[in-house]
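Listing of entry_4.txt; format and content: compact mmCIF, C-alpha atoms.
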# COMPACT_ATOMS: atom_id res chain seq x y z
CA MET A 1 -71.75 10.03 36.29
CA GLY A 2 -71.42 12.22 33.19
CA ALA A 3 -68.30 13.84 34.64
CA ILE A 4 -66.83 10.46 35.42
CA ARG A 5 -67.44 9.19 31.90
CA PHE A 6 -65.75 12.29 30.43
CA TRP A 7 -62.68 11.79 32.61
CA ARG A 8 -62.38 8.16 31.50
CA ARG A 9 -62.54 9.09 27.81
CA LYS A 10 -59.92 11.77 28.32
CA VAL A 11 -57.50 9.38 29.97
CA LYS A 12 -57.92 6.77 27.23
CA ARG A 13 -57.24 9.29 24.43
CA SER A 14 -54.13 10.62 26.21
CA SER A 15 -52.81 7.06 26.55
CA LEU A 16 -53.23 6.43 22.80
CA LEU A 17 -51.37 9.62 21.92
CA ARG A 18 -48.53 8.68 24.24
CA HIS A 19 -48.15 5.21 22.70
CA TRP A 20 -48.27 6.68 19.17
CA HIS A 21 -45.38 9.00 19.98
CA MET A 22 -43.38 6.13 21.45
CA ALA A 23 -43.93 4.05 18.30
CA LEU A 24 -42.77 6.93 16.10
CA LEU A 25 -39.60 7.36 18.17
CA ALA A 26 -38.88 3.63 17.87
CA VAL A 27 -39.21 3.76 14.06
CA LEU A 28 -36.89 6.77 13.84
CA ALA A 29 -34.31 5.02 16.03
CA ILE A 30 -34.34 1.94 13.75
CA LEU A 31 -33.85 4.10 10.66
CA MET A 32 -30.93 5.98 12.24
CA LEU A 33 -29.16 2.79 13.32
CA ALA A 34 -29.66 0.92 10.04
CA PRO A 35 -26.40 0.23 8.08
CA LEU A 36 -25.55 2.49 5.19
CA PRO A 37 -26.66 1.05 1.83
CA LEU A 38 -23.21 1.84 0.34
CA SER A 39 -21.56 -1.06 2.16
CA ALA A 40 -24.18 -3.41 0.79
CA ARG A 41 -23.67 -2.16 -2.74
CA LEU A 42 -19.89 -2.51 -2.73
CA SER A 43 -19.68 -6.18 -3.64
CA ASP A 44 -16.30 -7.73 -4.34
CA GLU A 45 -17.28 -8.80 -7.85
CA THR A 46 -18.80 -5.48 -8.99
CA PRO A 47 -16.18 -2.75 -8.53
CA GLU A 48 -18.54 0.17 -9.08
CA ILE A 49 -17.22 3.58 -8.20
CA ALA A 50 -19.28 5.37 -5.57
CA PRO A 51 -19.43 9.18 -5.46
CA GLU A 52 -16.25 10.67 -4.02
CA SER A 53 -18.15 12.20 -1.11
CA GLN A 54 -19.38 8.77 -0.03
CA ILE A 55 -15.91 7.21 -0.36
CA GLN A 56 -14.36 9.90 1.83
CA ALA A 57 -17.11 9.45 4.42
CA LEU A 58 -16.21 5.80 5.00
CA SER A 59 -14.25 5.24 8.19
CA PRO A 60 -11.12 3.07 8.52
CA ALA A 61 -13.28 0.65 10.49
CA ASN A 62 -15.18 -0.14 7.27
CA PRO A 63 -12.35 -1.45 5.03
CA PHE A 64 -12.54 -2.02 1.31
CA THR A 65 -12.06 -5.38 -0.33
CA PRO A 66 -8.74 -5.72 -2.22
CA LEU A 67 -10.52 -5.17 -5.55
CA GLN A 68 -12.28 -2.04 -4.31
CA ALA A 69 -9.08 -0.59 -2.79
CA ALA A 70 -7.24 -1.18 -6.06
CA ASN A 71 -9.98 0.47 -8.11
CA TYR A 72 -10.51 3.43 -5.76
CA PHE A 73 -6.95 4.21 -4.71
CA PHE A 74 -4.62 2.01 -6.80
CA GLU A 75 -3.29 0.35 -3.66
CA PHE A 76 -3.09 -3.04 -1.95
CA GLN A 77 -3.22 -3.55 1.83
CA ARG A 78 -3.07 0.24 2.30
CA GLU A 79 0.18 0.47 0.30
CA PRO A 80 0.72 1.69 -3.30
CA ILE A 81 1.01 -0.97 -5.99
CA ASN A 82 4.70 -1.81 -6.41
CA PRO A 83 6.23 0.19 -9.34
CA ARG A 84 8.89 -2.46 -9.91
CA ALA A 85 6.18 -5.03 -10.56
CA VAL A 86 4.20 -2.61 -12.73
CA SER A 87 7.25 -2.13 -14.97
CA ASP A 88 7.25 -5.89 -15.66
CA LEU A 89 4.16 -5.29 -17.83
CA LEU A 90 6.22 -3.20 -20.27
CA PRO A 91 8.32 -4.72 -23.08
CA TRP A 92 12.07 -4.74 -22.78
CA LEU A 93 13.73 -1.92 -24.69
CA SER A 94 15.12 -4.53 -27.09
CA ASP A 95 11.69 -6.08 -27.73
CA THR A 96 8.52 -4.98 -29.48
CA GLU A 97 5.91 -7.01 -27.62
CA PRO A 98 5.50 -7.55 -23.87
CA GLY A 99 6.22 -10.78 -22.07
CA PRO A 100 4.17 -10.88 -18.84
CA ILE A 101 0.74 -9.30 -19.25
CA ALA A 102 -0.70 -9.86 -15.74
CA LEU A 103 0.42 -9.66 -12.11
CA ASP A 104 -0.74 -11.41 -8.97
CA ILE A 105 -0.72 -8.30 -6.77
CA GLU A 106 -0.25 -10.14 -3.48
CA GLY A 107 2.73 -11.98 -4.98
CA SER A 108 4.37 -8.84 -6.37
CA THR A 109 4.60 -6.52 -3.37
CA ALA A 110 7.84 -4.79 -2.42
CA GLU A 111 8.31 -7.27 0.44
CA THR A 112 8.67 -10.27 -1.88
CA ASN A 113 12.09 -11.51 -2.93
CA ARG A 114 11.32 -11.27 -6.63
CA TYR A 115 10.06 -7.68 -6.52
CA TRP A 116 11.89 -6.31 -3.49
CA ALA A 117 12.39 -2.53 -3.69
CA ASP A 118 12.60 0.65 -1.66
CA ILE A 119 9.32 2.51 -2.18
CA SER A 120 8.98 6.28 -1.85
CA THR A 121 6.98 9.19 -3.25
CA ILE A 122 8.43 11.85 -5.56
CA ASP A 123 7.65 15.18 -3.89
CA ALA A 124 8.68 17.78 -6.49
CA GLY A 125 8.90 18.41 -10.22
CA PRO A 126 6.67 17.23 -13.07
CA TRP A 127 6.50 13.75 -11.51
CA GLN A 128 5.35 15.04 -8.14
CA GLY A 129 3.18 12.47 -6.39
CA ALA A 130 4.51 9.56 -8.44
CA ILE A 131 5.35 6.30 -6.65
CA LEU A 132 9.04 5.40 -7.02
CA ALA A 133 10.76 2.03 -6.61
CA THR A 134 14.56 1.64 -6.50
CA TRP A 135 16.50 -1.61 -6.26
CA GLN A 136 19.79 -3.29 -7.09
CA PRO A 137 19.42 -6.09 -9.65
CA ARG A 138 22.64 -7.72 -8.41
CA ILE A 139 24.23 -7.44 -5.00
CA ASP A 140 27.75 -7.73 -6.41
CA GLN A 141 27.30 -4.73 -8.72
CA ASP A 142 26.96 -1.10 -7.74
CA ILE A 143 24.06 -0.43 -10.14
CA THR A 144 20.64 0.88 -9.16
CA TYR A 145 17.49 0.38 -11.22
CA SER A 146 14.37 2.44 -10.73
CA SER A 147 10.81 2.68 -11.93
CA ALA A 148 8.01 5.09 -11.16
CA TYR A 149 4.40 5.66 -12.10
CA GLN A 150 1.81 8.38 -11.82
CA TRP A 151 -1.74 7.11 -11.50
CA LEU A 152 -3.67 9.43 -13.81
CA GLY A 153 -7.09 8.01 -12.92
CA ARG A 154 -9.73 5.85 -14.55
CA LEU A 155 -11.48 6.02 -17.87
CA ASP A 156 -15.27 5.90 -17.87
CA ASN A 157 -15.16 2.17 -18.65
CA GLY A 158 -13.10 1.41 -15.54
CA LEU A 159 -9.61 1.09 -17.02
CA HIS A 160 -6.68 2.63 -15.12
CA VAL A 161 -4.21 4.94 -16.85
CA LEU A 162 -0.59 5.26 -15.69
CA ARG A 163 2.37 7.28 -16.83
CA VAL A 164 5.41 5.07 -16.19
CA TRP A 165 9.15 5.48 -16.54
CA GLN A 166 11.99 2.99 -16.26
CA ASN A 167 15.69 3.48 -15.64
CA THR A 168 18.16 0.60 -15.88
CA GLY A 169 21.19 2.32 -14.48
CA GLY A 170 21.98 4.58 -17.42
CA ARG A 171 20.94 8.10 -18.33
CA GLY A 172 17.65 7.22 -20.03
CA TYR A 173 14.30 7.51 -18.28
CA PHE A 174 12.05 5.78 -20.81
CA THR A 175 8.45 6.85 -20.46
CA HIS A 176 5.22 5.11 -21.39
CA VAL A 177 1.47 5.36 -20.99
CA LEU A 178 0.25 2.07 -19.55
CA VAL A 179 -3.41 1.01 -19.33
CA VAL A 180 -4.44 -1.78 -16.93
CA ARG A 181 -7.50 -3.32 -15.33
CA PHE A 182 -8.07 -5.19 -12.05
CA SER A 183 -10.05 -8.38 -11.55
CA THR A 184 -10.30 -11.25 -9.09
CA ASP A 185 -10.17 -15.01 -9.54
CA TYR A 186 -8.89 -18.07 -7.68
CA GLU A 187 -5.50 -19.73 -7.48
CA TYR A 188 -5.69 -23.53 -7.58
CA ASP A 189 -3.68 -24.74 -4.58
CA HIS A 190 -4.28 -26.17 -1.13
CA ARG A 191 -5.67 -22.82 0.06
CA ASP A 192 -7.97 -22.16 -2.91
CA ARG A 193 -6.69 -18.60 -2.66
CA LYS A 194 -8.66 -15.71 -4.04
CA ARG A 195 -6.26 -13.41 -5.87
CA LEU A 196 -6.25 -9.83 -7.13
CA VAL A 197 -4.95 -9.64 -10.70
CA MET A 198 -3.75 -6.59 -12.62
CA THR A 199 -3.83 -7.13 -16.39
CA ARG A 200 -2.12 -5.08 -19.05
CA VAL A 201 -4.57 -3.69 -21.64
CA GLY A 202 -2.20 -1.59 -23.76
CA GLN A 203 0.52 1.02 -23.84
CA ALA A 204 1.95 3.91 -25.82
CA VAL A 205 5.64 4.89 -25.92
CA LEU A 206 6.32 8.54 -25.05
CA GLY A 207 10.13 8.84 -25.08
CA ASP A 208 12.96 9.77 -22.76
CA ARG A 209 12.06 12.01 -19.79
CA ASP A 210 8.67 12.88 -21.26
CA ASP A 211 6.71 15.11 -18.89
CA ARG A 212 3.75 16.16 -21.04
CA VAL A 213 0.51 16.64 -19.12
CA ILE A 214 -1.82 13.78 -20.11
CA THR A 215 -5.58 14.16 -19.71
CA LEU A 216 -8.51 11.73 -19.76
CA GLU A 217 -11.73 12.44 -21.66
CA GLY A 218 -14.35 9.75 -21.20
CA ASN A 219 -12.70 6.64 -22.63
CA THR A 220 -9.97 8.55 -24.47
CA ILE A 221 -6.43 9.40 -23.38
CA VAL A 222 -5.22 12.73 -24.77
CA ILE A 223 -1.46 13.26 -25.11
CA PRO A 224 -0.32 16.79 -26.10
CA PRO A 225 1.74 17.04 -29.30
CA ALA A 226 5.49 16.60 -29.01
CA GLU A 227 7.89 19.12 -30.51
CA HIS A 228 7.71 17.59 -33.98
CA GLU A 229 3.90 17.10 -33.91
CA SER A 230 1.07 19.52 -34.66
CA VAL A 231 -1.95 17.74 -33.14
CA PRO A 232 -2.46 15.79 -29.91
CA THR A 233 -2.51 12.00 -29.87
CA ARG A 234 -5.84 10.50 -28.84
CA LEU A 235 -5.94 6.89 -27.64
CA ASP A 236 -9.50 5.55 -27.72
CA PHE A 237 -10.19 2.66 -25.31
CA SER A 238 -13.97 2.65 -25.67
CA ASP A 239 -14.13 -1.06 -26.55
CA TYR A 240 -11.39 -2.29 -24.21
CA GLY A 241 -13.15 -2.16 -20.90
CA ALA A 242 -16.43 -1.90 -19.06
CA VAL A 243 -17.67 -0.57 -15.73
CA ASP A 244 -17.29 -4.08 -14.29
CA CYS A 245 -13.73 -4.23 -15.72
CA VAL A 246 -14.48 -7.41 -17.67
CA GLY A 247 -13.32 -5.83 -20.92
CA SER A 248 -13.81 -6.57 -24.58
CA VAL A 249 -11.84 -6.31 -27.81
CA GLY A 250 -12.24 -4.55 -31.11
CA SER A 251 -11.13 -0.95 -30.63
CA ARG A 252 -8.19 0.73 -32.34
CA TRP A 253 -6.20 3.67 -31.14
CA ILE A 254 -6.99 6.75 -33.17
CA ARG A 255 -4.85 9.78 -33.74
So, in terms of structure tokens, how does the structure I just supplied come out?
Amino acid sequence: MGAIRFWRRKVKRSSLLRHWHMALLAVLAILMLAPLPLSARLSDETPEIAPESQIQALSPANPFTPLQAANYFFEFQREPINPRAVSDLLPWLSDTEPGPIALDIEGSTAETNRYWADISTIDAGPWQGAILATWQPRIDQDITYSSAYQWLGRLDNGLHVLRVWQNTGGRGYFTHVLVVRFSTDYEYDHRDRKRLVMTRVGQAVLGDRDDRVITLEGNTIVIPPAEHESVPTRLDFSDYGAVDCVGSVGSRWIR
């Protein structure tokens, strides 16, 4: 009887150990199959910037929202933002102040009639990597306009910095630094359409064919001195934006 009782206790203990291991394997399987927390954090209304390693790890099957794609890659529907539309945020050469200060990105792509253009990428020279748009303002005239921008990145407060040039058929390639932000809101129509908006925050005029290397330091844009200057120009945008790209006012550019 003693031997029988020992055998029964041994079998019961072995059964408990087996079930404990099965429970542990089940917990590990649940943890491995759980969705990544990054996708939960990337809300459409809070365009926070995840570490670059996490962004690169995302697969094409896990797409970004339009706001996230604009803030991460400066693109819309997997295409670069249209340079012709971007140039609309700059003043005319004959004017001091801008006219339009915001763009509906969906309504300003290169496939629209208003902003139609041939889009390409500059592959050499100081503007290598810039996105180029060329178009004819009038079909009955043999004149070609062009505009291009280099996306220089984001300031710490979320604002985007571009180096932009415009050409209106002549010899001048007028260059600017343009600062913009992205946001989302709703268009009042029968669709109640949610729209991606790019808003002009400010600009600085550089000159004709300016190819100085511009750098970003925190919330400051640093432009090397031109030939007639002795110190770099520093544009401070500390009070013109926030991580959520809501923005505020009150800062002045400093030199």
message = What's the separation between CA of Gly202 in chain A and CA of Val177 in chain A, in Å to one decimal place?
response = 8.3 Å
query = Between A:Phe74, A:Phe174, A:Phe64, A:Tyr115, which has the minimum distance to Leu152 in chain A (counting all atoms listed in the file)?
reply =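 Of A:Phe74, A:Phe174, A:Phe64, A:Tyr115, the one nearest Leu152 in chain A, counting all atoms listed in the file, is A:Phe74.
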query = Could you pull the residues within 12 Å of Thr233 in chain A, counting only C-alpha atoms, minus those fewer than 5 positions along the same chain, as a VMD selection string?
reply = chain A and resid 177 204 to 206 212 214 to 216 220 to 226 253 to 255
request  = Have a look at CA of Met198 in chain A and CA of Arg163 in chain A and let me know their distance in Å, one decimal.
outcome  =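 Computing the Euclidean distance for CA of Met198 in chain A and CA of Arg163 in chain A yields 15.7 Å.
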inquiry  = List as a list in words the residues having at least one atom at most 8 Å from position (13.3, 1.7, -10.3) as given in the file, counting all atoms listed in the file.
reply    = Pro83, Arg84, Ala117, Leu132, Ala133, Thr134, Trp135, Thr144, Tyr145, Ser146, Ser147, Ala148, Gln166, Asn167 and Thr168 of chain A
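Reported to one decimal place, the separation of CA of Asp156 in chain A from CA of Leu67 in chain A is 17.2 Å.
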Give me the box for range 78-88 of chain A as lines of an AutoDock Vina configuration file, namely the centre and edge lengths in Å to one decimal of a box along x, y and z that holds every listed atom plus 5 Å on each side.
center_x = 2.9
center_y = -2.1
center_z = -6.7
size_x = 22.0
size_y = 17.6
size_z = 28.0
inquiry  = With distances taken over all atoms listed in the file, which residue among A:Glu187, A:Glu227, A:Glu106, A:Glu217 lies nearest Glu79 in chain A?
reply    =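 Nearest candidate to Glu79 in chain A out of A:Glu187, A:Glu227, A:Glu106, A:Glu217: A:Glu106.
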note = Counting all atoms listed in the file, the residue among A:Asn82, A:Leu93, A:Ser87, A:Tyr149 that lies closest to Thr112 in chain A is A:Asn82
ask   = Pick the closest to Ala130 in chain A from A:Gly170, A:Pro98, A:Gly158, A:Pro80: which is it, counting all atoms listed in the file?
value =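 For Ala130 in chain A, the nearest of the candidates is A:Pro80.
Remark: for His176 in chain A, the closest of the candidate residues A:Leu235, A:Ala69, A:Leu90, A:Ile81 is A:Leu90 (distances computed over only C-alpha atoms).
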ask   = Taking into account all atoms listed in the file, which residue in the set A:Arg191, A:Asp185, A:Glu229, A:Pro126 is nearest to Asp210 in chain A?
value =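 Using all atoms listed in the file, the shortest distance to Asp210 in chain A belongs to A:Pro126.
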